[in-house]
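J.: What follows is a structure written as structure tokens; I'll ask about it next.
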Amino acid sequence: MKKNFKLIFGLASTLLLAGCGAKPGVSTLPPMDEALASSIDEQLEIVGADAIYGNIYLQEEIEGATIKWESSDVNIINPNWDGDMAPGVVSRPNEDTTVTLTATAEKDGTAAKFTREVTVKGLDYEIQDEEYVGYLMGHFISDSGANGEQIYFALADEGQGLNFKDMNKKQPVLKSTVGEKGVRDPYICRSPEGDRFFLVATDLSINNRGGWKKNAQGYYDPSCTGSHDLILWQSNDLVNWGDPYVIKDVAPENAGMAWAPEMIYDDNAGEYLIFFASSIMNTETKYKAKPNAIYYTATRDFVHYSETKLFIDNYDEPDGKAREIIDTTVIKIDDTYYSASKDGDNDENNGGIRIMKTTDLRDPTSWEKVMNLADTGLKASNRALDNKLLEGPEFFRYNRDDRRDADIDEYGLWADQYAISGGYLPLSTTDIEDTTSSSWKVLAQSEYSFDSLKKRHGTILRLTSEEIARIKEAYPAA
């Protein structure tokens with residue numbers, strides 16, 4: 001049975017724990033055993049205490065002792081439960097502010113107190129929609145070579161619309177030195193506060209594995225013996241990313257792999273959901289006990305993670321039989337979450353890029369089918385937009401200057417044309433639920449360009465002028 005919380009390999013030792021030498025204080029209960037109090041003191045951590053940018057995780061139990069928290073300023077750090085919102089919700093002030101947190105540990109009628117001082121970073125400005133003027137694309141380029149499965153950046157500069165230029169002289173920006181030492185399917189998430197970024201990717205190297213080899217059961221071996229981990233980078237400026245960290249054993253028990261992760265912020269719980277595809281294998285027969293489905297784990301601090309749970313399942317509507325589903329992307333529009341996923345195996349006639357919707361991210365039964373992308377009737381290379389052509393769909397919001405009408409929201413759904421090695425196929429829509437050509441369209445080749453590197457299963461992030469300038473300085477084009 002998995003523990004409810006896991007640590008990123010190698011991360012905990014690098015983080016500063018404010019006040020970690022604090023001594024147990026006075027309580028109305030008898031003092032706790034000194035050895036237990038000392039052990040709790042060592043384990044009581046506030047991740048990134050010297051620079052808090054968002055909600056924090058407050059431990060509520062250590063070695064059987066219950067932990068209750070107090071805050072010197074509840075308007076900045078709320079130490080109490082509020083509906084579904086766990087303790088540790090942060091409201092950032094206009095300037096850097098020190099807050100003292102006091103933890104009272106109680107066990108068997110004894111108690112001890114501990115204090116932690118944390119610095120909450122100031123935030124005096126919220127990015128406005130009209131300030132997004134460019135895009136960053138993160139991607140990998142191929143299954144072969146030492147650098148094919150690493151992270152590359154391409155930039156669509158201000159005033160250049162959807163025309164991307166390869167950055168960093170066409171060399172990888174980030175390389176994985178951990179796990180399988182290859183990373184694919186990256187996704188970049190901007191924090192709701194706007195000034196933190198998380199890049200999560202699949203821990204997989206087809207090159208190091210010797211290619212897409214099939215096993216005796218007829219499956220591609222990487223889908224059965226794949227890594228159960230994900231790879232994570234963090235940055236405050238899109239330039240300084242630090243070392244890669246391994247999110248250990250995120251896949252469910254007996255999973256074949258953990259593929260194509262993405263993230264979304266859950267406003268109701270004040271934390272991030274990291275979701276990905278896994279199949280469940282029968283350990284005796286080596287056949288799939290359950291087809292690929294989408295699972296998630298939740299986190300606030302990217303050190304402590306919830307138990308992995310089902311996020312989206314897929315059933316063929318006529319007979320209720322479970323079907324494959326991978327490569328899920330999610331976008332929130334008003335109070336509705338829309339997902340797009342690769343639905344079914346590559347050779348299935350009734351598969352496609354399935355779009356679904358929900359208002360409850362935590363209920364896997366709440367997703368309703370909106371349509372398959374092929375229902376729009378659009379084509380590419382004279383082929384239907386189904387799963388025989390496309391994988392790796394990616395939702396994102398267009399900048400104002402790139403919309404058909406600046407005052408009407410428009411969304412991109414771009415997908416990897418894996419079947420013809422065609423790179424990304426860009427589509428846009430002003431209404432995800434409207435299948436007509438008045439809403440959905442395939443972009444004409446004059447409306448976009450991708451430079452020379454192949455863009456495989458990537459991510460697109462909107463950028464401000466300041467962010468564009470930093471990226472251009474750090475990662476100049478060829």
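By order of appearance in the structure tokens: chains A, B, ..., then residues from 1 within every chain, and ligands from 1 in the order shown.
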Pick out the residues sitting within 12 Å of Asp33 (chain A), and hand them over as a PDB file with N, CA, C and O atoms, in the first residue's frame; count only C-alpha atoms, and ignore anything fewer than 3 positions along from it in its own chain.

T.:
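As written to disk, selection_30.pdb reads:
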```
ATOM      1  N   PRO A  24      11.383  22.568  21.981  1.00  0.00           N
ATOM      2  CA  PRO A  24      10.001  22.469  22.449  1.00  0.00           C
ATOM      3  C   PRO A  24       9.712  23.504  23.520  1.00  0.00           C
ATOM      4  O   PRO A  24      10.538  23.751  24.406  1.00  0.00           O
ATOM      5  N   LEU A  29      -0.401  21.058  28.512  1.00  0.00           N
ATOM      6  CA  LEU A  29      -0.272  19.622  28.751  1.00  0.00           C
ATOM      7  C   LEU A  29       1.133  19.314  29.243  1.00  0.00           C
ATOM      8  O   LEU A  29       2.053  20.110  29.048  1.00  0.00           O
ATOM      9  N   PRO A  30       1.315  18.146  29.858  1.00  0.00           N
ATOM     10  CA  PRO A  30       2.674  17.757  30.274  1.00  0.00           C
ATOM     11  C   PRO A  30       3.605  17.747  29.067  1.00  0.00           C
ATOM     12  O   PRO A  30       3.189  17.475  27.944  1.00  0.00           O
ATOM     13  N   LEU A  36      11.043  12.092  21.427  1.00  0.00           N
ATOM     14  CA  LEU A  36       9.978  12.219  20.439  1.00  0.00           C
ATOM     15  C   LEU A  36       9.881  13.658  19.955  1.00  0.00           C
ATOM     16  O   LEU A  36       9.739  13.913  18.755  1.00  0.00           O
ATOM     17  N   ALA A  37       9.954  14.599  20.884  1.00  0.00           N
ATOM     18  CA  ALA A  37       9.884  16.012  20.505  1.00  0.00           C
ATOM     19  C   ALA A  37      11.022  16.384  19.562  1.00  0.00           C
ATOM     20  O   ALA A  37      10.837  17.098  18.571  1.00  0.00           O
ATOM     21  N   SER A  38      12.206  15.874  19.833  1.00  0.00           N
ATOM     22  CA  SER A  38      13.356  16.162  18.978  1.00  0.00           C
ATOM     23  C   SER A  38      13.165  15.565  17.592  1.00  0.00           C
ATOM     24  O   SER A  38      13.498  16.197  16.571  1.00  0.00           O
ATOM     25  N   SER A  39      12.592  14.354  17.539  1.00  0.00           N
ATOM     26  CA  SER A  39      12.359  13.705  16.260  1.00  0.00           C
ATOM     27  C   SER A  39      11.322  14.471  15.444  1.00  0.00           C
ATOM     28  O   SER A  39      11.483  14.670  14.227  1.00  0.00           O
ATOM     29  N   ILE A  40      10.251  14.920  16.105  1.00  0.00           N
ATOM     30  CA  ILE A  40       9.236  15.716  15.411  1.00  0.00           C
ATOM     31  C   ILE A  40       9.842  17.014  14.905  1.00  0.00           C
ATOM     32  O   ILE A  40       9.586  17.457  13.778  1.00  0.00           O
ATOM     33  N   ALA A  65       1.706  11.772  16.438  1.00  0.00           N
ATOM     34  CA  ALA A  65       1.348  13.017  17.115  1.00  0.00           C
ATOM     35  C   ALA A  65       0.557  13.904  16.161  1.00  0.00           C
ATOM     36  O   ALA A  65       0.921  14.055  14.994  1.00  0.00           O
ATOM     37  N   ALA A 105       2.355  19.988  18.830  1.00  0.00           N
ATOM     38  CA  ALA A 105       2.261  18.543  18.636  1.00  0.00           C
ATOM     39  C   ALA A 105       1.736  17.913  19.921  1.00  0.00           C
ATOM     40  O   ALA A 105       2.253  18.201  21.012  1.00  0.00           O
ATOM     41  N   GLU A 106       0.726  17.061  19.800  1.00  0.00           N
ATOM     42  CA  GLU A 106       0.144  16.389  20.960  1.00  0.00           C
ATOM     43  C   GLU A 106       0.085  14.888  20.728  1.00  0.00           C
ATOM     44  O   GLU A 106      -0.298  14.432  19.645  1.00  0.00           O
ATOM     45  N   LYS A 107       0.473  14.133  21.753  1.00  0.00           N
ATOM     46  CA  LYS A 107       0.389  12.682  21.696  1.00  0.00           C
ATOM     47  C   LYS A 107       0.317  12.120  23.102  1.00  0.00           C
ATOM     48  O   LYS A 107       1.134  12.497  23.957  1.00  0.00           O
ATOM     49  N   ASP A 108      -0.661  11.248  23.301  1.00  0.00           N
ATOM     50  CA  ASP A 108      -0.814  10.555  24.585  1.00  0.00           C
ATOM     51  C   ASP A 108      -0.835  11.522  25.755  1.00  0.00           C
ATOM     52  O   ASP A 108      -0.215  11.296  26.815  1.00  0.00           O
ATOM     53  N   GLY A 109      -1.563  12.647  25.572  1.00  0.00           N
ATOM     54  CA  GLY A 109      -1.726  13.589  26.670  1.00  0.00           C
ATOM     55  C   GLY A 109      -0.502  14.431  26.962  1.00  0.00           C
ATOM     56  O   GLY A 109      -0.434  15.078  28.016  1.00  0.00           O
ATOM     57  N   THR A 110       0.466  14.454  26.070  1.00  0.00           N
ATOM     58  CA  THR A 110       1.645  15.310  26.221  1.00  0.00           C
ATOM     59  C   THR A 110       1.730  16.226  25.004  1.00  0.00           C
ATOM     60  O   THR A 110       1.097  15.989  23.975  1.00  0.00           O
ATOM     61  N   ALA A 111       2.513  17.294  25.117  1.00  0.00           N
ATOM     62  CA  ALA A 111       2.563  18.258  24.025  1.00  0.00           C
ATOM     63  C   ALA A 111       3.926  18.929  23.952  1.00  0.00           C
ATOM     64  O   ALA A 111       4.698  18.952  24.921  1.00  0.00           O
ATOM     65  N   ALA A 112       4.207  19.474  22.783  1.00  0.00           N
ATOM     66  CA  ALA A 112       5.405  20.283  22.569  1.00  0.00           C
ATOM     67  C   ALA A 112       5.086  21.305  21.491  1.00  0.00           C
ATOM     68  O   ALA A 112       4.261  21.062  20.604  1.00  0.00           O
TER      69      ALA A 112
END
```

J.: What's around Asn254 (chain A) at 9 Å? Count only C-alpha atoms, leave out sequence neighbours fewer than 4 positions away in its own chain, and write the answer as a ChimeraX atom specification.

T.: /A:279-283

J.: Save the residues we just selected, C-alpha atoms, as an mmCIF file, in the first residue's frame?

T.:
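Ended up saving to selection-v8.cif:
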```cif
data_model
loop_
_atom_site.group_PDB
_atom_site.id
_atom_site.type_symbol
_atom_site.label_atom_id
_atom_site.label_comp_id
_atom_site.auth_asym_id
_atom_site.auth_seq_id
_atom_site.Cartn_x
_atom_site.Cartn_y
_atom_site.Cartn_z
ATOM 1 C CA SER A 279 -1.851 1.019 -17.927
ATOM 2 C CA ILE A 280 -2.267 -1.630 -15.215
ATOM 3 C CA MET A 281 -0.447 -4.887 -15.925
ATOM 4 C CA ASN A 282 -1.239 -8.413 -14.787
ATOM 5 C CA THR A 283 2.018 -9.390 -13.105
#
```

J.: At what distance in Å, to one decimal, does CA of Val303 (chain A) lie from CA of Ile76 (chain A)?

T.: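 Calculated distance between CA of Ile76 (chain A) and CA of Val303 (chain A) is 21.7 Å.
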
J.: Determine, counting only C-alpha atoms, which protein, DNA and RNA residues have an atom within 10 Å of an atom of Gln59 (chain A); residues of the same chain fewer than 4 positions away are not included. Present the result as a list in words.

T.: Gln43, Leu44, Glu45, Ile46, Thr66, Ile67, Lys68, Trp69, Pro87, Gly88, Ala103 and His304 of chain A

J.: So which residues touch region 428-438 of chain A within 7 Å, counting only C-alpha atoms, skipping near sequence neighbours fewer than 5 positions away, as an MDAnalysis selection string?

T.: chainID A and resid 370 375:376 409:413

J.: Given the selection you just returned, output its residues as a file containing all heavy atoms, formatted as a short mmCIF file (atom, residue, chain, number, x, y, z; two decimals), in the first residue's frame.

T.:
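For reference, selection36.cif as written:
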```cif
data_model
loop_
_atom_site.label_atom_id
_atom_site.label_comp_id
_atom_site.auth_asym_id
_atom_site.auth_seq_id
_atom_site.Cartn_x
_atom_site.Cartn_y
_atom_site.Cartn_z
N VAL A 370 -17.89 15.56 -25.20
CA VAL A 370 -18.35 16.67 -26.02
C VAL A 370 -18.37 16.24 -27.48
O VAL A 370 -19.37 16.38 -28.18
CB VAL A 370 -17.46 17.92 -25.83
CG1 VAL A 370 -17.86 19.03 -26.79
CG2 VAL A 370 -17.52 18.40 -24.38
N ASP A 375 -15.26 14.90 -35.62
CA ASP A 375 -16.64 15.30 -35.84
C ASP A 375 -16.75 16.68 -36.48
O ASP A 375 -17.81 17.04 -37.00
CB ASP A 375 -17.41 15.30 -34.52
CG ASP A 375 -17.55 13.92 -33.91
OD1 ASP A 375 -17.41 12.93 -34.68
OD2 ASP A 375 -17.80 13.82 -32.70
N THR A 376 -15.67 17.45 -36.44
CA THR A 376 -15.69 18.77 -37.09
C THR A 376 -15.69 18.64 -38.60
O THR A 376 -16.00 19.62 -39.30
CB THR A 376 -14.47 19.60 -36.67
OG1 THR A 376 -13.26 18.95 -37.12
CG2 THR A 376 -14.42 19.79 -35.16
N ASP A 409 -12.55 35.33 -26.88
CA ASP A 409 -11.54 34.33 -26.55
C ASP A 409 -11.42 33.29 -27.65
O ASP A 409 -12.43 32.87 -28.25
CB ASP A 409 -11.89 33.63 -25.23
CG ASP A 409 -11.56 34.47 -24.01
OD1 ASP A 409 -10.75 35.42 -24.15
OD2 ASP A 409 -12.11 34.19 -22.94
N GLU A 410 -10.19 32.87 -27.90
CA GLU A 410 -9.93 31.84 -28.89
C GLU A 410 -8.90 30.87 -28.32
O GLU A 410 -7.99 31.29 -27.60
CB GLU A 410 -9.44 32.46 -30.20
CG GLU A 410 -9.36 31.47 -31.35
CD GLU A 410 -9.20 32.17 -32.70
OE1 GLU A 410 -9.29 33.41 -32.75
OE2 GLU A 410 -8.99 31.45 -33.69
N TYR A 411 -9.05 29.60 -28.65
CA TYR A 411 -8.23 28.56 -28.04
C TYR A 411 -7.56 27.72 -29.12
O TYR A 411 -8.15 27.41 -30.15
CB TYR A 411 -9.09 27.67 -27.14
CG TYR A 411 -9.88 28.48 -26.14
CD1 TYR A 411 -11.19 28.88 -26.44
CD2 TYR A 411 -9.31 28.89 -24.95
CE1 TYR A 411 -11.91 29.65 -25.54
CE2 TYR A 411 -10.03 29.67 -24.05
CZ TYR A 411 -11.33 30.06 -24.36
OH TYR A 411 -12.02 30.83 -23.47
N GLY A 412 -6.33 27.35 -28.85
CA GLY A 412 -5.61 26.44 -29.73
C GLY A 412 -5.75 25.01 -29.22
O GLY A 412 -5.70 24.77 -28.01
N LEU A 413 -5.94 24.09 -30.13
CA LEU A 413 -5.81 22.66 -29.84
C LEU A 413 -4.87 22.12 -30.91
O LEU A 413 -5.27 21.92 -32.06
CB LEU A 413 -7.15 21.94 -29.87
CG LEU A 413 -7.08 20.44 -29.58
CD1 LEU A 413 -6.44 20.17 -28.22
CD2 LEU A 413 -8.45 19.78 -29.66
#
```

J.: Which one is closest to Asp84 (chain A): A:Thr299, A:Thr104, A:Asn268, A:Thr336? Count only C-alpha atoms.

T.: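 Going through A:Thr299, A:Thr104, A:Asn268, A:Thr336 one by one, the smallest distance to Asp84 (chain A) is for A:Asn268.
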
J.: CA of Met137 (chain A) and CA of Ser449 (chain A), how far apart in Å?

T.: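 Computed distance, CA of Ser449 (chain A) to CA of Met137 (chain A), equals 12.1 Å.
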
J.: Which of these residues is nearest to Glu467 (chain A), using only C-alpha atoms: A:Glu149, A:Glu158, A:Glu95, A:Asp73?

T.: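 Closest to Glu467 (chain A), using only C-alpha atoms: A:Glu158.
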
J.: Would you list the contacts of Val330 (chain A) as number ranges by chain, taking every protein, DNA or RNA residue within 12 Å and counting only C-alpha atoms, but skipping same-chain residues closer than 5 positions in sequence?

T.: A: 187, 189, 261-266, 273-276, 294, 311-312, 336-341, 354-359, 361, 367, 392-397, 411-413, 459

J.: Using only N, CA, C and O atoms, please write the residues we just selected to a file, as a compact mmCIF listing (two decimals), in the first residue's frame.

T.:
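Full text of out_24.txt as output:
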```txt
# COMPACT_ATOMS: atom_id res chain seq x y z
N TYR A 187 5.50 19.57 -20.23
CA TYR A 187 4.41 20.52 -20.01
C TYR A 187 4.89 21.59 -19.04
O TYR A 187 5.47 21.27 -18.00
N CYS A 189 3.73 24.68 -16.61
CA CYS A 189 2.60 25.25 -15.89
C CYS A 189 3.03 26.54 -15.21
O CYS A 189 4.05 26.57 -14.51
N PRO A 261 2.77 13.59 -18.80
CA PRO A 261 2.15 14.32 -17.69
C PRO A 261 1.80 15.76 -18.08
O PRO A 261 2.46 16.40 -18.90
N GLU A 262 0.75 16.25 -17.49
CA GLU A 262 0.41 17.68 -17.52
C GLU A 262 -0.06 18.07 -16.13
O GLU A 262 -0.20 17.23 -15.25
N MET A 263 -0.31 19.36 -15.95
CA MET A 263 -0.71 19.87 -14.65
C MET A 263 -1.83 20.88 -14.82
O MET A 263 -1.95 21.53 -15.85
N ILE A 264 -2.64 21.02 -13.77
CA ILE A 264 -3.61 22.10 -13.71
C ILE A 264 -3.81 22.46 -12.24
O ILE A 264 -3.69 21.60 -11.35
N TYR A 265 -4.06 23.73 -11.99
CA TYR A 265 -4.26 24.20 -10.62
C TYR A 265 -5.72 24.03 -10.25
O TYR A 265 -6.62 24.45 -10.99
N ASP A 266 -5.96 23.38 -9.12
CA ASP A 266 -7.31 23.16 -8.61
C ASP A 266 -7.63 24.30 -7.64
O ASP A 266 -7.16 24.32 -6.50
N LEU A 273 -2.79 19.59 -9.58
CA LEU A 273 -3.00 18.20 -9.95
C LEU A 273 -2.06 17.88 -11.11
O LEU A 273 -2.08 18.55 -12.14
N ILE A 274 -1.22 16.88 -10.93
CA ILE A 274 -0.35 16.38 -11.99
C ILE A 274 -0.98 15.09 -12.50
O ILE A 274 -1.15 14.14 -11.74
N PHE A 275 -1.35 15.05 -13.78
CA PHE A 275 -2.03 13.88 -14.32
C PHE A 275 -1.24 13.30 -15.48
O PHE A 275 -0.48 13.99 -16.15
N PHE A 276 -1.43 12.00 -15.71
CA PHE A 276 -0.59 11.26 -16.65
C PHE A 276 -1.30 9.95 -16.99
O PHE A 276 -2.27 9.56 -16.34
N ILE A 294 -6.14 7.74 -17.24
CA ILE A 294 -5.44 8.91 -16.74
C ILE A 294 -5.56 8.96 -15.22
O ILE A 294 -6.67 8.86 -14.68
N PHE A 311 -8.15 9.77 -12.63
CA PHE A 311 -8.54 11.11 -13.08
C PHE A 311 -9.59 11.02 -14.20
O PHE A 311 -10.67 11.60 -14.10
N ILE A 312 -9.27 10.30 -15.26
CA ILE A 312 -10.21 10.12 -16.38
C ILE A 312 -10.11 8.66 -16.85
O ILE A 312 -9.02 8.16 -17.10
N THR A 336 -15.80 25.61 -16.23
CA THR A 336 -15.77 24.30 -16.87
C THR A 336 -14.36 23.91 -17.26
O THR A 336 -13.60 24.75 -17.76
N TYR A 337 -14.01 22.65 -17.03
CA TYR A 337 -12.73 22.10 -17.46
C TYR A 337 -12.97 21.26 -18.71
O TYR A 337 -13.86 20.39 -18.73
N TYR A 338 -12.19 21.52 -19.76
CA TYR A 338 -12.25 20.74 -20.99
C TYR A 338 -10.97 19.92 -21.12
O TYR A 338 -9.87 20.43 -20.92
N SER A 339 -11.14 18.65 -21.47
CA SER A 339 -9.98 17.79 -21.72
C SER A 339 -9.99 17.33 -23.16
O SER A 339 -11.06 17.20 -23.78
N ALA A 340 -8.81 17.11 -23.70
CA ALA A 340 -8.66 16.47 -25.00
C ALA A 340 -7.64 15.36 -24.82
O ALA A 340 -6.59 15.56 -24.21
N SER A 341 -7.95 14.17 -25.35
CA SER A 341 -7.11 13.00 -25.14
C SER A 341 -7.07 12.16 -26.41
O SER A 341 -8.01 12.19 -27.21
N ARG A 354 -10.54 12.73 -28.37
CA ARG A 354 -11.81 12.90 -27.68
C ARG A 354 -11.76 14.12 -26.78
O ARG A 354 -10.83 14.28 -25.97
N ILE A 355 -12.77 14.97 -26.89
CA ILE A 355 -12.92 16.15 -26.03
C ILE A 355 -14.04 15.88 -25.04
O ILE A 355 -15.13 15.44 -25.42
N MET A 356 -13.75 16.12 -23.76
CA MET A 356 -14.73 15.92 -22.69
C MET A 356 -14.76 17.15 -21.80
O MET A 356 -13.91 18.03 -21.91
N LYS A 357 -15.72 17.21 -20.89
CA LYS A 357 -15.82 18.36 -19.99
C LYS A 357 -16.31 17.91 -18.62
O LYS A 357 -16.97 16.87 -18.47
N THR A 358 -16.00 18.72 -17.62
CA THR A 358 -16.47 18.49 -16.25
C THR A 358 -16.40 19.80 -15.48
O THR A 358 -15.71 20.75 -15.89
N THR A 359 -17.10 19.86 -14.36
CA THR A 359 -16.94 20.97 -13.43
C THR A 359 -16.32 20.49 -12.12
O THR A 359 -16.15 21.28 -11.20
N LEU A 361 -13.00 18.34 -11.03
CA LEU A 361 -11.77 17.64 -11.40
C LEU A 361 -11.54 16.36 -10.61
O LEU A 361 -10.83 15.47 -11.08
N TRP A 367 -16.85 13.28 -16.07
CA TRP A 367 -16.47 13.74 -17.41
C TRP A 367 -17.53 13.33 -18.44
O TRP A 367 -17.90 12.17 -18.51
N GLY A 392 -0.93 13.36 -28.74
CA GLY A 392 -0.34 14.48 -28.01
C GLY A 392 -1.06 15.80 -28.17
O GLY A 392 -0.42 16.83 -28.42
N PRO A 393 -2.41 15.88 -28.04
CA PRO A 393 -3.10 17.16 -28.17
C PRO A 393 -2.69 18.13 -27.07
O PRO A 393 -2.33 17.72 -25.97
N GLU A 394 -2.75 19.42 -27.37
CA GLU A 394 -2.35 20.45 -26.42
C GLU A 394 -3.29 21.64 -26.51
O GLU A 394 -3.40 22.29 -27.55
N PHE A 395 -4.00 21.92 -25.42
CA PHE A 395 -4.87 23.09 -25.33
C PHE A 395 -4.07 24.30 -24.84
O PHE A 395 -3.19 24.18 -23.98
N PHE A 396 -4.37 25.49 -25.37
CA PHE A 396 -3.86 26.73 -24.80
C PHE A 396 -4.74 27.88 -25.28
O PHE A 396 -5.50 27.76 -26.25
N ARG A 397 -4.63 28.99 -24.60
CA ARG A 397 -5.41 30.19 -24.94
C ARG A 397 -4.58 31.10 -25.84
O ARG A 397 -3.40 31.33 -25.57
N TYR A 411 -9.05 29.60 -28.65
CA TYR A 411 -8.23 28.56 -28.04
C TYR A 411 -7.56 27.72 -29.12
O TYR A 411 -8.15 27.41 -30.15
N GLY A 412 -6.33 27.35 -28.85
CA GLY A 412 -5.61 26.44 -29.73
C GLY A 412 -5.75 25.01 -29.22
O GLY A 412 -5.70 24.77 -28.01
N LEU A 413 -5.94 24.09 -30.13
CA LEU A 413 -5.81 22.66 -29.84
C LEU A 413 -4.87 22.12 -30.91
O LEU A 413 -5.27 21.92 -32.06
N THR A 459 4.49 21.65 -25.38
CA THR A 459 3.70 22.51 -24.51
C THR A 459 3.83 23.94 -25.01
O THR A 459 4.87 24.31 -25.56
```

J.: If you run DSSP on this backbone, which residues of region 65-278 of chain A come out as strand (DSSP E), and could you give them as a PyMOL selection string?

T.: chain A and resi 65-71+77-78+89-90+97-107+110-120+132-140+152-156+162-163+165-166+183-190+197-203+230-235+245-247+259-266+271-278

J.: Counting only C-alpha atoms, what are the residues of region 133-211 of chain A within 9 Å of region 216-224 of chain A, and for each of them which pair of atoms is the nearest and at what distance in Å, to one decimal? Sort the table by chain and rising number, as CSV.

T.:
```
residue,atom,partner,partner_atom,distance
A:Leu204,CA,A:Pro222,CA,8.1
A:Ser205,CA,A:Pro222,CA,9.0
A:Ile206,CA,A:Pro222,CA,7.7
A:Arg209,CA,A:Pro222,CA,8.0
```

J.: Would you please work out which residue, of A:Asn163, A:Ser446, A:Gln234, A:Ser227, is nearest to Met257 (chain A) when using only C-alpha atoms?

T.: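 The shortest atom-to-atom distance to Met257 (chain A) comes from A:Ser227.
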
J.: What lies within 8 Å of region 118-131 of chain A using only C-alpha atoms, ignoring chain neighbours under 2 positions off, as number ranges by chain?

T.: A: 18, 46, 49-53, 92-101, 116, 133, 193-194, 399-400, 464-465

J.: Hey, can you check how far CA of Tyr418 (chain A) sits from CA of Ile141 (chain A)?

T.: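 Between these atoms lies a distance of 11.8 Å.
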